[in-house]
>>> print(open('model_37.cif').read())   # mmCIF, C-alpha atoms and all ligand atoms
data_final
loop_
_atom_site.label_atom_id
_atom_site.label_comp_id
_atom_site.auth_asym_id
_atom_site.auth_seq_id
_atom_site.Cartn_x
_atom_site.Cartn_y
_atom_site.Cartn_z
CA MET A 1 -2.03 -25.31 26.31
CA PHE A 2 -4.88 -24.25 24.08
CA GLU A 3 -6.92 -23.19 27.11
CA HIS A 4 -4.59 -20.18 27.42
CA LEU A 5 -5.56 -18.81 24.02
CA LYS A 6 -7.80 -15.76 23.92
CA GLU A 7 -10.20 -14.57 21.29
CA GLN A 8 -8.35 -12.16 18.94
CA PRO A 9 -10.08 -9.11 17.50
CA ALA A 10 -11.89 -10.01 14.28
CA ASP A 11 -10.76 -8.35 11.06
CA LYS A 12 -13.32 -5.60 10.55
CA ILE A 13 -13.05 -5.62 6.77
CA LEU A 14 -13.62 -9.38 6.55
CA ALA A 15 -16.68 -9.02 8.81
CA LEU A 16 -17.95 -6.27 6.51
CA MET A 17 -17.48 -8.56 3.49
CA GLN A 18 -19.64 -11.18 5.18
CA ALA A 19 -22.35 -8.64 6.01
CA PHE A 20 -22.34 -7.54 2.36
CA LYS A 21 -22.71 -11.13 1.18
CA ASP A 22 -25.66 -11.66 3.53
CA ASP A 23 -27.47 -8.50 2.38
CA PRO A 24 -30.30 -9.54 0.00
CA ARG A 25 -30.66 -6.12 -1.66
CA GLU A 26 -29.86 -6.32 -5.38
CA ASP A 27 -28.57 -2.78 -5.70
CA LYS A 28 -26.12 -3.01 -2.76
CA ILE A 29 -22.63 -1.58 -3.37
CA ASP A 30 -19.40 -3.01 -1.90
CA LEU A 31 -16.79 -0.32 -1.25
CA GLY A 32 -15.13 -2.30 1.54
CA VAL A 33 -12.38 -4.74 0.71
CA GLY A 34 -9.09 -3.41 -0.74
CA VAL A 35 -9.01 -5.29 -4.02
CA TYR A 36 -9.15 -3.70 -7.47
CA LYS A 37 -12.36 -4.41 -9.35
CA ASP A 38 -13.23 -3.55 -12.93
CA ALA A 39 -16.56 -2.07 -14.05
CA ASP A 40 -18.16 -5.55 -13.86
CA GLY A 41 -16.98 -6.05 -10.30
CA LYS A 42 -14.33 -8.62 -11.33
CA THR A 43 -10.70 -8.73 -10.23
CA PRO A 44 -9.08 -9.81 -13.49
CA ILE A 45 -5.76 -11.57 -14.03
CA MET A 46 -3.66 -9.10 -16.01
CA ARG A 47 -2.91 -10.08 -19.62
CA ALA A 48 0.88 -10.02 -19.20
CA ILE A 49 0.65 -12.19 -16.08
CA LYS A 50 -1.47 -14.75 -17.90
CA LYS A 51 1.04 -14.84 -20.78
CA ALA A 52 3.99 -15.15 -18.39
CA GLU A 53 2.22 -18.00 -16.58
CA LYS A 54 1.74 -19.87 -19.84
CA GLN A 55 5.36 -19.35 -20.77
CA LEU A 56 6.47 -20.43 -17.33
CA TRP A 57 4.40 -23.61 -17.50
CA GLU A 58 6.09 -24.50 -20.77
CA GLU A 59 9.63 -23.56 -19.77
CA GLU A 60 10.00 -24.24 -16.05
CA THR A 61 12.00 -27.42 -15.47
CA THR A 62 12.28 -27.56 -11.69
CA LYS A 63 10.55 -26.53 -8.51
CA ALA A 64 13.71 -26.88 -6.44
CA TYR A 65 14.37 -24.15 -3.87
CA THR A 66 15.54 -20.73 -4.97
CA GLY A 67 17.86 -18.73 -2.67
CA LEU A 68 16.88 -17.44 0.76
CA ALA A 69 16.47 -13.98 -0.75
CA GLY A 70 14.38 -15.42 -3.59
CA ASP A 71 15.67 -15.17 -7.16
CA PRO A 72 18.18 -12.28 -7.13
CA LEU A 73 16.83 -11.16 -10.52
CA PHE A 74 13.46 -10.47 -8.89
CA GLY A 75 15.14 -8.24 -6.32
CA GLU A 76 17.13 -6.43 -8.98
CA ARG A 77 14.12 -5.77 -11.18
CA MET A 78 11.98 -4.68 -8.24
CA ALA A 79 14.71 -2.30 -7.06
CA ALA A 80 14.88 -0.85 -10.57
CA LEU A 81 11.06 -0.50 -10.71
CA VAL A 82 10.80 1.22 -7.34
CA LEU A 83 14.08 3.12 -7.10
CA GLY A 84 14.96 3.78 -10.75
CA ASP A 85 18.49 5.17 -10.64
CA ALA A 86 17.94 7.22 -7.48
CA VAL A 87 20.62 5.28 -5.57
CA PRO A 88 23.56 3.12 -6.71
CA ALA A 89 22.47 -0.53 -6.97
CA GLY A 90 25.35 -1.52 -4.66
CA LYS A 91 23.69 0.20 -1.72
CA VAL A 92 20.46 -1.77 -1.95
CA ALA A 93 19.98 -5.12 -0.19
CA LYS A 94 16.74 -6.87 -1.16
CA VAL A 95 14.77 -10.04 -0.48
CA ALA A 96 11.57 -11.52 -1.82
CA THR A 97 8.84 -11.78 0.81
CA PRO A 98 5.33 -13.25 1.00
CA GLY A 99 3.47 -10.14 -0.17
CA GLY A 100 3.92 -6.56 0.96
CA THR A 101 2.72 -7.69 4.39
CA GLY A 102 5.68 -10.07 4.59
CA ALA A 103 8.01 -7.20 3.68
CA VAL A 104 6.49 -4.99 6.40
CA ARG A 105 6.81 -7.78 8.94
CA GLN A 106 10.44 -8.51 8.00
CA ALA A 107 11.24 -4.78 8.15
CA PHE A 108 9.86 -4.59 11.69
CA ASP A 109 11.91 -7.66 12.61
CA LEU A 110 15.03 -5.97 11.24
CA ILE A 111 14.27 -2.80 13.19
CA ARG A 112 13.80 -4.74 16.42
CA MET A 113 17.02 -6.64 15.81
CA ALA A 114 19.09 -3.56 14.91
CA ASN A 115 17.71 -1.23 17.56
CA PRO A 116 15.33 -2.60 20.23
CA GLU A 117 14.94 0.96 21.54
CA ALA A 118 13.50 2.26 18.27
CA ARG A 119 9.96 3.58 18.29
CA VAL A 120 7.98 3.37 15.07
CA PHE A 121 5.95 6.45 14.11
CA VAL A 122 2.89 5.71 11.99
CA SER A 123 0.41 8.06 10.34
CA ASP A 124 -2.97 8.61 11.97
CA PRO A 125 -4.71 6.82 10.36
CA THR A 126 -2.68 4.08 8.71
CA TRP A 127 -3.30 0.64 7.23
CA PRO A 128 -4.63 -1.28 10.30
CA ASN A 129 -2.20 -4.17 9.72
CA HIS A 130 0.72 -1.85 10.52
CA LEU A 131 -0.71 -1.34 13.98
CA SER A 132 -1.70 -4.93 14.57
CA ILE A 133 1.72 -6.30 13.54
CA LEU A 134 3.54 -3.72 15.68
CA LYS A 135 1.32 -4.63 18.64
CA HIS A 136 1.81 -8.34 18.06
CA MET A 137 5.59 -7.87 17.94
CA ASP A 138 5.56 -5.67 21.01
CA ILE A 139 7.39 -2.89 19.21
CA PRO A 140 6.75 0.55 20.73
CA PHE A 141 4.91 2.83 18.33
CA THR A 142 3.18 6.16 18.27
CA THR A 143 1.14 8.09 15.72
CA TYR A 144 1.72 11.36 13.91
CA ARG A 145 -1.10 13.58 12.66
CA TYR A 146 -1.84 13.01 8.99
CA PHE A 147 -5.40 13.45 7.76
CA ASP A 148 -7.19 16.78 7.90
CA GLY A 149 -10.89 15.96 8.26
CA VAL A 150 -11.92 19.46 7.24
CA THR A 151 -10.08 19.74 3.93
CA GLY A 152 -9.84 16.02 3.13
CA GLY A 153 -6.11 16.59 2.54
CA VAL A 154 -2.98 16.12 4.65
CA ASP A 155 -2.56 18.08 7.89
CA PHE A 156 1.04 18.82 6.94
CA ASP A 157 1.75 21.31 9.72
CA GLY A 158 0.45 18.86 12.32
CA MET A 159 2.47 16.06 10.76
CA MET A 160 5.71 18.07 10.85
CA GLU A 161 5.05 19.18 14.41
CA ASP A 162 4.62 15.56 15.51
CA LEU A 163 7.61 14.32 13.52
CA ALA A 164 9.77 16.93 15.24
CA GLN A 165 9.38 14.64 18.31
CA VAL A 166 11.22 11.70 16.74
CA ARG A 167 14.53 10.77 18.29
CA LYS A 168 17.72 9.48 16.74
CA GLY A 169 17.19 5.86 15.70
CA ASP A 170 13.38 6.03 15.64
CA VAL A 171 11.66 4.82 12.48
CA VAL A 172 9.03 6.80 10.59
CA LEU A 173 6.67 4.71 8.50
CA LEU A 174 5.42 6.55 5.40
CA HIS A 175 3.15 5.44 2.56
CA GLY A 176 5.13 5.92 -0.66
CA CYS A 177 2.00 6.83 -2.65
CA CYS A 178 -1.77 6.34 -2.62
CA HIS A 179 -2.11 6.53 1.18
CA ASN A 180 -4.30 3.80 2.64
CA PRO A 181 -6.91 4.48 4.03
CA THR A 182 -7.21 8.20 3.24
CA GLY A 183 -6.11 8.69 -0.41
CA ALA A 184 -4.48 11.99 0.69
CA ASN A 185 -0.80 12.40 -0.19
CA LEU A 186 2.11 14.82 0.27
CA ASN A 187 3.43 16.85 -2.65
CA ILE A 188 7.06 16.54 -3.59
CA SER A 189 8.25 19.66 -1.75
CA GLU A 190 6.53 18.36 1.40
CA TRP A 191 8.35 15.06 0.95
CA GLN A 192 11.62 16.98 0.74
CA ALA A 193 10.78 18.76 4.00
CA VAL A 194 10.06 15.37 5.65
CA ALA A 195 13.42 14.00 4.40
CA ASP A 196 15.22 17.07 5.79
CA LEU A 197 13.47 16.77 9.14
CA LEU A 198 14.23 13.05 9.51
CA ASN A 199 17.86 13.70 8.65
CA LYS A 200 18.03 16.49 11.20
CA GLN A 201 16.56 14.22 13.88
CA GLY A 202 18.57 11.16 12.84
CA ALA A 203 15.44 9.05 12.26
CA VAL A 204 15.12 6.27 9.67
CA PRO A 205 12.34 6.35 7.05
CA MET A 206 10.46 3.17 6.23
CA ILE A 207 8.39 3.39 3.07
CA ASP A 208 5.44 1.10 2.45
CA ILE A 209 4.68 1.21 -1.27
CA ALA A 210 1.75 -1.03 -2.17
CA TYR A 211 0.08 0.88 -5.03
CA GLN A 212 2.82 1.99 -7.44
CA GLY A 213 1.09 2.77 -10.74
CA PHE A 214 -2.36 3.31 -9.19
CA GLY A 215 -1.99 7.06 -8.56
CA ASP A 216 -0.15 9.26 -11.06
CA GLY A 217 1.82 6.63 -12.99
CA LEU A 218 4.68 4.22 -12.26
CA ASP A 219 7.46 6.81 -12.06
CA ASP A 220 5.45 9.60 -10.43
CA ASP A 221 4.20 7.21 -7.77
CA ALA A 222 7.79 6.20 -6.99
CA ALA A 223 9.09 9.79 -6.89
CA ALA A 224 8.70 10.19 -3.12
CA THR A 225 10.38 6.85 -2.37
CA ARG A 226 13.25 7.78 -4.69
CA LEU A 227 13.61 11.20 -3.08
CA ILE A 228 13.73 9.71 0.42
CA ALA A 229 16.17 6.96 -0.57
CA ALA A 230 18.44 9.48 -2.28
CA HIS A 231 18.39 12.03 0.56
CA CYS A 232 18.34 9.92 3.71
CA PRO A 233 21.38 7.87 4.72
CA GLU A 234 19.32 4.73 5.41
CA THR A 235 15.89 3.72 4.14
CA LEU A 236 13.72 0.62 4.43
CA ILE A 237 11.25 -0.06 1.63
CA ALA A 238 8.42 -2.62 1.72
CA ALA A 239 7.00 -3.06 -1.78
CA SER A 240 3.92 -5.10 -2.70
CA CYS A 241 3.18 -6.60 -6.12
CA SER A 242 -0.35 -7.61 -5.14
CA LYS A 243 -2.19 -4.64 -6.64
CA ASN A 244 -0.08 -3.39 -9.54
CA PHE A 245 0.47 -6.91 -10.92
CA GLY A 246 -2.95 -8.14 -9.73
CA ILE A 247 -1.39 -11.23 -8.08
CA TYR A 248 -2.91 -10.90 -4.61
CA ARG A 249 -3.02 -14.58 -3.73
CA GLU A 250 0.47 -15.36 -5.03
CA ARG A 251 1.93 -13.43 -2.08
CA THR A 252 4.63 -11.39 -3.78
CA GLY A 253 6.57 -8.57 -2.20
CA CYS A 254 10.08 -7.26 -1.75
CA LEU A 255 11.90 -5.74 1.19
CA MET A 256 14.76 -3.39 0.36
CA ALA A 257 17.29 -1.87 2.73
CA VAL A 258 19.17 1.10 1.31
CA ALA A 259 22.47 1.69 3.11
CA HIS A 260 24.43 4.92 3.33
CA GLU A 261 27.49 3.31 1.80
CA GLU A 262 28.06 0.44 -0.60
CA GLY A 263 30.29 -1.34 1.91
CA ARG A 264 27.26 -2.09 4.13
CA HIS A 265 25.57 -4.04 1.41
CA LYS A 266 26.83 -7.53 2.24
CA LEU A 267 25.93 -7.39 5.93
CA ASN A 268 22.49 -5.99 5.15
CA GLN A 269 21.89 -8.59 2.46
CA ASP A 270 22.98 -11.43 4.76
CA THR A 271 20.76 -10.09 7.55
CA LEU A 272 17.68 -9.93 5.33
CA ALA A 273 18.34 -13.48 4.11
CA TYR A 274 18.86 -14.60 7.73
CA LEU A 275 15.51 -13.10 8.72
CA ASN A 276 13.76 -14.88 5.86
CA ARG A 277 15.34 -18.11 7.10
CA GLN A 278 14.07 -17.60 10.64
CA ASN A 279 10.52 -16.86 9.63
CA TYR A 280 9.70 -19.03 6.62
CA SER A 281 12.99 -20.02 5.03
CA PHE A 282 12.59 -19.62 1.26
CA PRO A 283 10.05 -17.02 0.12
CA PRO A 284 7.36 -18.04 -2.40
CA ASP A 285 8.59 -17.96 -5.97
CA HIS A 286 5.66 -18.24 -8.38
CA GLY A 287 4.46 -14.63 -8.22
CA ALA A 288 7.98 -13.26 -7.98
CA ARG A 289 8.95 -15.20 -11.11
CA LEU A 290 5.97 -13.83 -13.04
CA VAL A 291 6.95 -10.31 -11.98
CA LEU A 292 10.57 -10.74 -13.00
CA MET A 293 9.47 -12.17 -16.35
CA VAL A 294 7.07 -9.30 -17.01
CA LEU A 295 9.62 -6.68 -15.99
CA GLY A 296 12.39 -8.28 -18.04
CA ASP A 297 10.57 -8.78 -21.34
CA ASP A 298 9.84 -5.74 -23.54
CA ALA A 299 6.56 -7.02 -24.97
CA LEU A 300 5.17 -8.28 -21.64
CA ARG A 301 6.25 -5.12 -19.84
CA THR A 302 4.68 -2.84 -22.43
CA ASP A 303 1.41 -4.74 -22.22
CA TRP A 304 1.48 -4.73 -18.40
CA GLN A 305 2.12 -0.99 -18.28
CA ALA A 306 -0.69 -0.33 -20.77
CA GLU A 307 -3.17 -2.38 -18.73
CA LEU A 308 -2.04 -0.80 -15.46
CA GLU A 309 -2.46 2.62 -17.02
CA ASP A 310 -6.04 1.74 -18.03
CA VAL A 311 -6.74 0.68 -14.45
CA ARG A 312 -5.29 3.93 -13.11
CA LEU A 313 -7.12 6.18 -15.54
CA GLY A 314 -10.38 4.29 -14.93
CA MET A 315 -10.16 5.01 -11.20
CA LEU A 316 -9.34 8.68 -11.85
CA LYS A 317 -12.41 8.96 -14.06
CA LEU A 318 -14.58 7.45 -11.32
CA ARG A 319 -13.16 9.97 -8.84
CA GLU A 320 -13.96 12.85 -11.14
CA GLN A 321 -17.47 11.60 -11.85
CA LEU A 322 -18.20 11.16 -8.13
CA ALA A 323 -16.82 14.59 -7.21
CA GLY A 324 -18.84 16.10 -10.10
CA GLU A 325 -22.13 14.44 -9.04
CA LEU A 326 -21.57 15.59 -5.46
CA ARG A 327 -20.80 19.13 -6.63
CA ASP A 328 -24.11 19.20 -8.53
CA LEU A 329 -26.15 17.72 -5.69
CA SER A 330 -24.60 19.70 -2.83
CA GLY A 331 -24.15 22.93 -4.78
CA SER A 332 -20.68 23.19 -3.23
CA ASP A 333 -17.14 22.02 -3.78
CA ARG A 334 -16.79 20.43 -0.37
CA PHE A 335 -16.29 16.96 -1.88
CA GLY A 336 -13.70 18.21 -4.38
CA PHE A 337 -10.98 16.39 -2.40
CA LEU A 338 -12.29 13.09 -3.78
CA ALA A 339 -10.89 14.04 -7.19
CA GLN A 340 -7.60 15.15 -5.63
CA HIS A 341 -7.06 11.90 -3.75
CA ARG A 342 -5.01 9.19 -5.43
CA GLY A 343 -5.04 5.41 -5.44
CA MET A 344 -7.80 2.98 -4.70
CA PHE A 345 -9.07 4.59 -1.50
CA SER A 346 -10.65 7.79 -0.29
CA ARG A 347 -11.68 8.66 3.21
CA LEU A 348 -15.00 10.44 3.05
CA GLY A 349 -14.29 11.96 6.46
CA VAL A 350 -17.65 11.26 8.14
CA GLY A 351 -18.49 9.59 11.46
CA PRO A 352 -19.56 5.95 12.04
CA ASP A 353 -23.23 7.02 12.32
CA LYS A 354 -23.23 8.17 8.68
CA VAL A 355 -21.33 5.08 7.57
CA GLU A 356 -23.99 2.97 9.29
CA ALA A 357 -26.82 4.99 7.75
CA LEU A 358 -25.31 4.46 4.29
CA ARG A 359 -25.23 0.72 4.95
CA GLU A 360 -28.64 0.35 6.60
CA LYS A 361 -30.64 2.69 4.43
CA HIS A 362 -28.87 2.39 1.09
CA GLY A 363 -26.96 -0.91 1.11
CA ILE A 364 -23.64 0.91 0.64
CA TYR A 365 -20.81 -0.84 2.45
CA MET A 366 -17.68 1.08 3.37
CA VAL A 367 -15.19 0.62 6.23
CA GLY A 368 -16.25 2.17 9.58
CA ASP A 369 -13.71 5.00 9.29
CA SER A 370 -15.49 6.01 6.02
CA ARG A 371 -12.83 4.54 3.72
CA MET A 372 -14.27 3.82 0.28
CA ASN A 373 -12.72 1.57 -2.34
CA ILE A 374 -13.17 3.72 -5.45
CA ALA A 375 -12.67 0.64 -7.65
CA GLY A 376 -15.88 -0.77 -6.16
CA LEU A 377 -17.81 1.85 -8.16
CA ASN A 378 -18.79 2.12 -11.81
CA ALA A 379 -20.48 4.77 -13.95
CA GLU A 380 -23.94 3.40 -13.01
CA THR A 381 -23.46 3.15 -9.25
CA ILE A 382 -21.85 6.57 -8.76
CA PRO A 383 -25.10 8.60 -9.00
CA LYS A 384 -26.69 6.30 -6.41
CA LEU A 385 -23.73 6.72 -4.04
CA ALA A 386 -23.74 10.50 -4.49
CA ARG A 387 -27.49 10.73 -3.75
CA ALA A 388 -27.07 8.49 -0.68
CA ILE A 389 -24.17 10.59 0.66
CA ILE A 390 -26.31 13.71 0.47
CA ASP A 391 -29.41 11.89 1.77
CA VAL A 392 -27.76 10.77 5.02
CA GLY A 393 -26.48 14.29 5.59
CA CYS A 394 -22.74 13.85 5.04
N1 LIG B 1 0.68 -1.93 2.72
C1 LIG B 1 -0.48 -1.33 2.48
C2 LIG B 1 -0.61 0.11 2.83
C3 LIG B 1 -1.54 -2.01 1.91
O1 LIG B 1 -2.69 -1.38 1.68
C4 LIG B 1 -1.36 -3.38 1.57
C5 LIG B 1 -2.49 -4.14 0.95
N2 LIG B 1 -3.69 -4.09 1.56
C6 LIG B 1 -0.13 -3.96 1.84
C7 LIG B 1 0.87 -3.22 2.41
C8 LIG B 1 0.24 -5.40 1.56
O2 LIG B 1 -0.50 -6.16 0.76
P1 LIG B 1 -0.09 -7.64 0.37
O3 LIG B 1 0.47 -8.30 1.57
O4 LIG B 1 -1.36 -8.25 -0.08
O5 LIG B 1 0.94 -7.54 -0.72
#
>>> encode(input="model_37.cif", output="structure tokens")
Amino acid sequence: MFEHLKEQPADKILALMQAFKDDPREDKIDLGVGVYKDADGKTPIMRAIKKAEKQLWEEETTKAYTGLAGDPLFGERMAALVLGDAVPAGKVAKVATPGGTGAVRQAFDLIRMANPEARVFVSDPTWPNHLSILKHMDIPFTTYRYFDGVTGGVDFDGMMEDLAQVRKGDVVLLHGCCHNPTGANLNISEWQAVADLLNKQGAVPMIDIAYQGFGDGLDDDAAATRLIAAHCPETLIAASCSKNFGIYRERTGCLMAVAHEEGRHKLNQDTLAYLNRQNYSFPPDHGARLVLMVLGDDALRTDWQAELEDVRLGMLKLREQLAGELRDLSGSDRFGFLAQHRGMFSRLGVGPDKVEALREKHGIYMVGDSRMNIAGLNAETIPKLARAIIDVGC
């Protein structure tokens, strides 16, 4: 049997991590992997999570299974965090999943089950895992224009032109905030136009929200998801807790299905639970429990929000410093988009030759499509990056 297996494409980011490790230069800079890092290059455990873990250790009396959807309180609190009061709670079915990736995967499974004809439209570019999971599942997909390499912003006209091609029942995958890999996002009136277009075409939006709180704040970052869920009859939402709770390895996420009427809720809820059962039975609980504890306790929640806000503002400051250095060095505002982008990533918008030159000549590691993890920088490394960007002729 095993002789039939073929080599699968290696994960480019993991290969880049290895190359970084093997580079002996002391002043090398890692802007590759998508993990938040503080100014010392550490990925800390958030204070509220640490406190919740201690409390849990003292209070937890059993490790028996939870429900197939995970603890319903986790789902409720996640729905409140992401959706606020944009839609009545009775319309929202939700299940815990292993990370945001698990939620994306379960959403695709639901799409395939509900409508095998559906095509999934993804932004060009998008998070590579979207493409690889769609390919693996043999779900037809196509891309819509998204990033404007000239302005560093969104090619909104191109995007709308491409989305006008969607057919009834197709699914349009959108990043709720902090677009990965570009950092470029729609404004709220553009989101409204997307909602109107999808409704006109009869397409279903699927929102991937993996960075709530990393862009403009918890509520602002959820505004687009709330608008879509309130305006479109049906919405799928894949939420990740990896970044905003800093619990990457605990594998914590939530898939929500918003129905057009409350009466659909039971069937949707049962279907999501059924899909969990088919793929891994009960979802992991530890991270989900920490999240529900933090969200449900005033003191823990306040502390979590304060720390998340520090993380967000720190990244914004780095963006502004980098854009400022580049303005001074280039004598132009052509890198101003770096300060406009939101979230952990920015696409510099240069070709693989420049990305390679930055790596070879300056020990600066970014993904081949010129995606930089802004959190990989600090006040000391920014001037070096800015000089290198100009030096290689970006
Ligand atoms: N969606 C996007 C766009 C992401 O960037 C990520 C994290 N890299 C995820 C989903 C899911 O992350 P995780 O499975 O670690 O929660």
>>> closest_atom_pairs(input="model_37.cif", of="chain A", to="ligand LIG 1 (chain B)", cutoff="8 Å", atoms="only C-alpha atoms and all ligand atoms", output="tab-separated table")
residue	atom	partner	partner_atom	distance
A:Gly34	CA	B:LIG1	N2	5.9
A:Val35	CA	B:LIG1	N2	7.8
A:Pro98	CA	B:LIG1	O3	7.0
A:Gly99	CA	B:LIG1	O5	3.7
A:Gly100	CA	B:LIG1	O5	3.6
A:Thr101	CA	B:LIG1	O3	3.7
A:Gly102	CA	B:LIG1	O3	6.3
A:Ala103	CA	B:LIG1	O3	7.9
A:Val104	CA	B:LIG1	C7	7.1
A:Thr126	CA	B:LIG1	C2	7.4
A:Trp127	CA	B:LIG1	C2	5.2
A:Asn129	CA	B:LIG1	N1	7.9
A:His130	CA	B:LIG1	N1	7.8
A:His175	CA	B:LIG1	C2	6.5
A:His179	CA	B:LIG1	C2	6.8
A:Asn180	CA	B:LIG1	C2	5.2
A:Pro181	CA	B:LIG1	O1	7.6
A:Asp208	CA	B:LIG1	N1	5.6
A:Ile209	CA	B:LIG1	N1	6.5
A:Ala210	CA	B:LIG1	N1	5.1
A:Tyr211	CA	B:LIG1	O1	7.6
A:Ala238	CA	B:LIG1	C7	7.6
A:Ala239	CA	B:LIG1	C7	7.4
A:Ser240	CA	B:LIG1	O5	4.3
A:Cys241	CA	B:LIG1	O5	5.9
A:Ser242	CA	B:LIG1	O5	4.6
A:Lys243	CA	B:LIG1	O5	7.3
A:Tyr248	CA	B:LIG1	O4	5.5
A:Arg249	CA	B:LIG1	O4	7.5
A:Arg251	CA	B:LIG1	O5	6.1
A:Thr252	CA	B:LIG1	O5	6.1
A:Gly253	CA	B:LIG1	O5	5.9
>>> residues_around(input="model_37.cif", residues="A:Val392", least_positions_apart="6", cutoff="9 Å", atoms="all atoms listed in the file", output="list in words")
Lys354, Val355, Ala357, Leu358 and Lys361 of chain A
>>> write_last_selection(input="model_37.cif", atoms="C-alpha atoms", output="PDB file, keeping the file's coordinate frame")
ATOM      1  CA  LYS A 354     -23.230   8.170   8.680  1.00  0.00           C
ATOM      2  CA  VAL A 355     -21.330   5.080   7.570  1.00  0.00           C
ATOM      3  CA  ALA A 357     -26.820   4.990   7.750  1.00  0.00           C
ATOM      4  CA  LEU A 358     -25.310   4.460   4.290  1.00  0.00           C
ATOM      5  CA  LYS A 361     -30.640   2.690   4.430  1.00  0.00           C
TER       6      LYS A 361
END
>>> residues_near_point(input="model_37.cif", point="(10.5, -15.3, -7.0)", cutoff="9 Å", atoms="all atoms listed in the file", output="compact mmCIF listing (two decimals) with C-alpha atoms, keeping the file's coordinate frame")
# COMPACT_ATOMS: atom_id res chain seq x y z
CA THR A 66 15.54 -20.73 -4.97
CA ALA A 69 16.47 -13.98 -0.75
CA GLY A 70 14.38 -15.42 -3.59
CA ASP A 71 15.67 -15.17 -7.16
CA PRO A 72 18.18 -12.28 -7.13
CA LEU A 73 16.83 -11.16 -10.52
CA PHE A 74 13.46 -10.47 -8.89
CA GLY A 75 15.14 -8.24 -6.32
CA ALA A 96 11.57 -11.52 -1.82
CA THR A 97 8.84 -11.78 0.81
CA THR A 252 4.63 -11.39 -3.78
CA PRO A 283 10.05 -17.02 0.12
CA PRO A 284 7.36 -18.04 -2.40
CA ASP A 285 8.59 -17.96 -5.97
CA HIS A 286 5.66 -18.24 -8.38
CA GLY A 287 4.46 -14.63 -8.22
CA ALA A 288 7.98 -13.26 -7.98
CA ARG A 289 8.95 -15.20 -11.11
CA LEU A 290 5.97 -13.83 -13.04
CA VAL A 291 6.95 -10.31 -11.98
CA LEU A 292 10.57 -10.74 -13.00
>>> closest_residue(input="model_37.cif", among="A:Tyr65, A:Phe335, A:Phe245, A:Tyr365", to="A:Lys21", atoms="only C-alpha atoms")
A:Tyr365
>>> closest_residue(input="model_37.cif", among="A:Gly296, A:Gly202, A:Gly217, A:Gly314", to="A:Cys232", atoms="only C-alpha atoms")
A:Gly202
>>> residues_around(input="model_37.cif", residues="A:Lys28", least_positions_apart="2", cutoff="7 Å", atoms="only C-alpha atoms", output="list in words")
Arg25, Glu26, Asp30, Gly363 and Ile364 of chain A
>>> closest_residue(input="model_37.cif", among="A:Met137, A:Val204, A:Leu131, A:Met293", to="A:Leu163", atoms="only C-alpha atoms")
A:Val204
>>> decode(input="model_37.cif", residues="stretch 154-165 of chain A", atoms="N, CA and C atoms", output="mmCIF file, in the first residue's frame")
data_model
loop_
_atom_site.group_PDB
_atom_site.id
_atom_site.type_symbol
_atom_site.label_atom_id
_atom_site.label_comp_id
_atom_site.auth_asym_id
_atom_site.auth_seq_id
_atom_site.Cartn_x
_atom_site.Cartn_y
_atom_site.Cartn_z
ATOM 1 N N VAL A 154 -6.301 47.139 -1.640
ATOM 2 C CA VAL A 154 -7.173 46.148 -2.272
ATOM 3 C C VAL A 154 -7.576 46.650 -3.657
ATOM 4 N N ASP A 155 -7.543 45.750 -4.633
ATOM 5 C CA ASP A 155 -8.046 46.061 -5.979
ATOM 6 C C ASP A 155 -9.563 45.826 -5.933
ATOM 7 N N PHE A 156 -10.281 46.803 -5.383
ATOM 8 C CA PHE A 156 -11.700 46.571 -5.102
ATOM 9 C C PHE A 156 -12.520 46.431 -6.381
ATOM 10 N N ASP A 157 -12.195 47.229 -7.402
ATOM 11 C CA ASP A 157 -12.959 47.116 -8.653
ATOM 12 C C ASP A 157 -12.776 45.728 -9.266
ATOM 13 N N GLY A 158 -11.511 45.259 -9.266
ATOM 14 C CA GLY A 158 -11.221 43.933 -9.812
ATOM 15 C C GLY A 158 -11.948 42.854 -9.009
ATOM 16 N N MET A 159 -11.942 43.024 -7.710
ATOM 17 C CA MET A 159 -12.598 42.042 -6.830
ATOM 18 C C MET A 159 -14.096 41.965 -7.146
ATOM 19 N N MET A 160 -14.729 43.126 -7.270
ATOM 20 C CA MET A 160 -16.182 43.147 -7.523
ATOM 21 C C MET A 160 -16.505 42.584 -8.917
ATOM 22 N N GLU A 161 -15.616 42.893 -9.854
ATOM 23 C CA GLU A 161 -15.832 42.362 -11.209
ATOM 24 C C GLU A 161 -15.795 40.823 -11.181
ATOM 25 N N ASP A 162 -14.812 40.283 -10.455
ATOM 26 C CA ASP A 162 -14.688 38.819 -10.392
ATOM 27 C C ASP A 162 -15.829 38.190 -9.595
ATOM 28 N N LEU A 163 -16.244 38.872 -8.526
ATOM 29 C CA LEU A 163 -17.324 38.298 -7.707
ATOM 30 C C LEU A 163 -18.675 38.364 -8.428
ATOM 31 N N ALA A 164 -18.757 39.203 -9.446
ATOM 32 C CA ALA A 164 -20.003 39.250 -10.227
ATOM 33 C C ALA A 164 -20.197 37.933 -10.993
ATOM 34 N N GLN A 165 -19.124 37.109 -11.048
ATOM 35 C CA GLN A 165 -19.211 35.815 -11.756
ATOM 36 C C GLN A 165 -19.759 34.694 -10.869
#
